[in-house]
Amino acid sequence: MICGIGTDIAKVTRFEKWVRNHELIHRFFNPCEIIEVDESQIDKKMQFLCEHYAARFSAKEAFSKALGTGFVGLELADFGIIKNKNGKPEFFFGDKTADIIRKIFNCETKTHISISHEKDFAVSFVVIEKNREEKSV
């Protein structure tokens, strides 16, 4: 059963100042999401880095909407997006975020995500689904 949906779009160029400010990146992203780049390479990799962070921030925003709380109570570095072995993006949740999810939905959930980005924009769509209870026969 679907218990939450959310979508968000982010302008990629907005993240240029974030890429240049390590404090902002570490505030909003989990270490698993952070791409370490030598200062001398930042300008060369700026578009890639901005798209990367715009997509992940968009996903976090979409998740907060699906949760129904906005960012209230969430620590953005306590959850994030990684790619599974097939390259599919998946959420991972730290203890604080997992507790919030359990308190809101009072059950186990599965979170689905779709992310897309191009030169100017990143967009994300999130669905939170209650895990089905197994029926006894």
# chains A, B, ... in the order shown; residues from 1 in each chain; ligands from 1

$ residues_around --residues "region 107-123 of chain A" --least-positions-apart "3" --cutoff "6 Å" --atoms "only C-alpha atoms" --output "list in words"
Asp8, Ile9, Ala10, Lys11, Val12, Ala54, Ala55, Arg102, Val126, Val127, Ile128, Glu129, Lys130 and Asn131 of chain A

$ residues_around --residues "His52 (chain A)" --least-positions-apart "4" --cutoff "10 Å" --atoms "only C-alpha atoms" --output "PyMOL selection string"
chain A and resi 12+15+33-35+46-48+56-57+117+122

$ select_by_dssp --residues "chain A" --states "alpha helix (DSSP H)" --output "PyMOL selection string"
chain A and resi 16-19+22-28+42-67+95-105

$ closest_atom_pairs --of "region 42-88 of chain A" --to "region 25-30 of chain A" --cutoff "9 Å" --atoms "only C-alpha atoms" --output "JSON lines"
{"residue": "A:Tyr53", "atom": "CA", "partner": "A:Phe29", "partner_atom": "CA", "distance": 8.3}
{"residue": "A:Arg56", "atom": "CA", "partner": "A:Phe29", "partner_atom": "CA", "distance": 8.3}
{"residue": "A:Phe57", "atom": "CA", "partner": "A:Phe28", "partner_atom": "CA", "distance": 7.9}
{"residue": "A:Glu75", "atom": "CA", "partner": "A:Phe28", "partner_atom": "CA", "distance": 7.9}
{"residue": "A:Leu76", "atom": "CA", "partner": "A:Phe28", "partner_atom": "CA", "distance": 5.0}
{"residue": "A:Ala77", "atom": "CA", "partner": "A:Asn30", "partner_atom": "CA", "distance": 4.2}
{"residue": "A:Asp78", "atom": "CA", "partner": "A:Asn30", "partner_atom": "CA", "distance": 6.3}
{"residue": "A:Phe79", "atom": "CA", "partner": "A:Asn30", "partner_atom": "CA", "distance": 6.4}
{"residue": "A:Gly80", "atom": "CA", "partner": "A:Asn30", "partner_atom": "CA", "distance": 6.1}
{"residue": "A:Ile81", "atom": "CA", "partner": "A:Asn30", "partner_atom": "CA", "distance": 8.6}

$ atom_distance --atom1 "CA of Phe71 (chain A)" --atom2 "CA of Cys32 (chain A)"
19.9 Å

$ atom_distance --atom1 "CA of Thr7 (chain A)" --atom2 "CA of Phe125 (chain A)"
4.4 Å

$ atom_distance --atom1 "CA of Gly94 (chain A)" --atom2 "CA of Thr69 (chain A)"
17.0 Å

$ closest_residue --among "A:Arg14, A:Ile42, A:Gly4, A:Lys88" --to "Lys65 (chain A)" --atoms "only C-alpha atoms"
A:Gly4

$ closest_residue --among "A:Asn21, A:Asn84, A:Leu74, A:Val37" --to "Lys60 (chain A)" --atoms "only C-alpha atoms"
A:Leu74
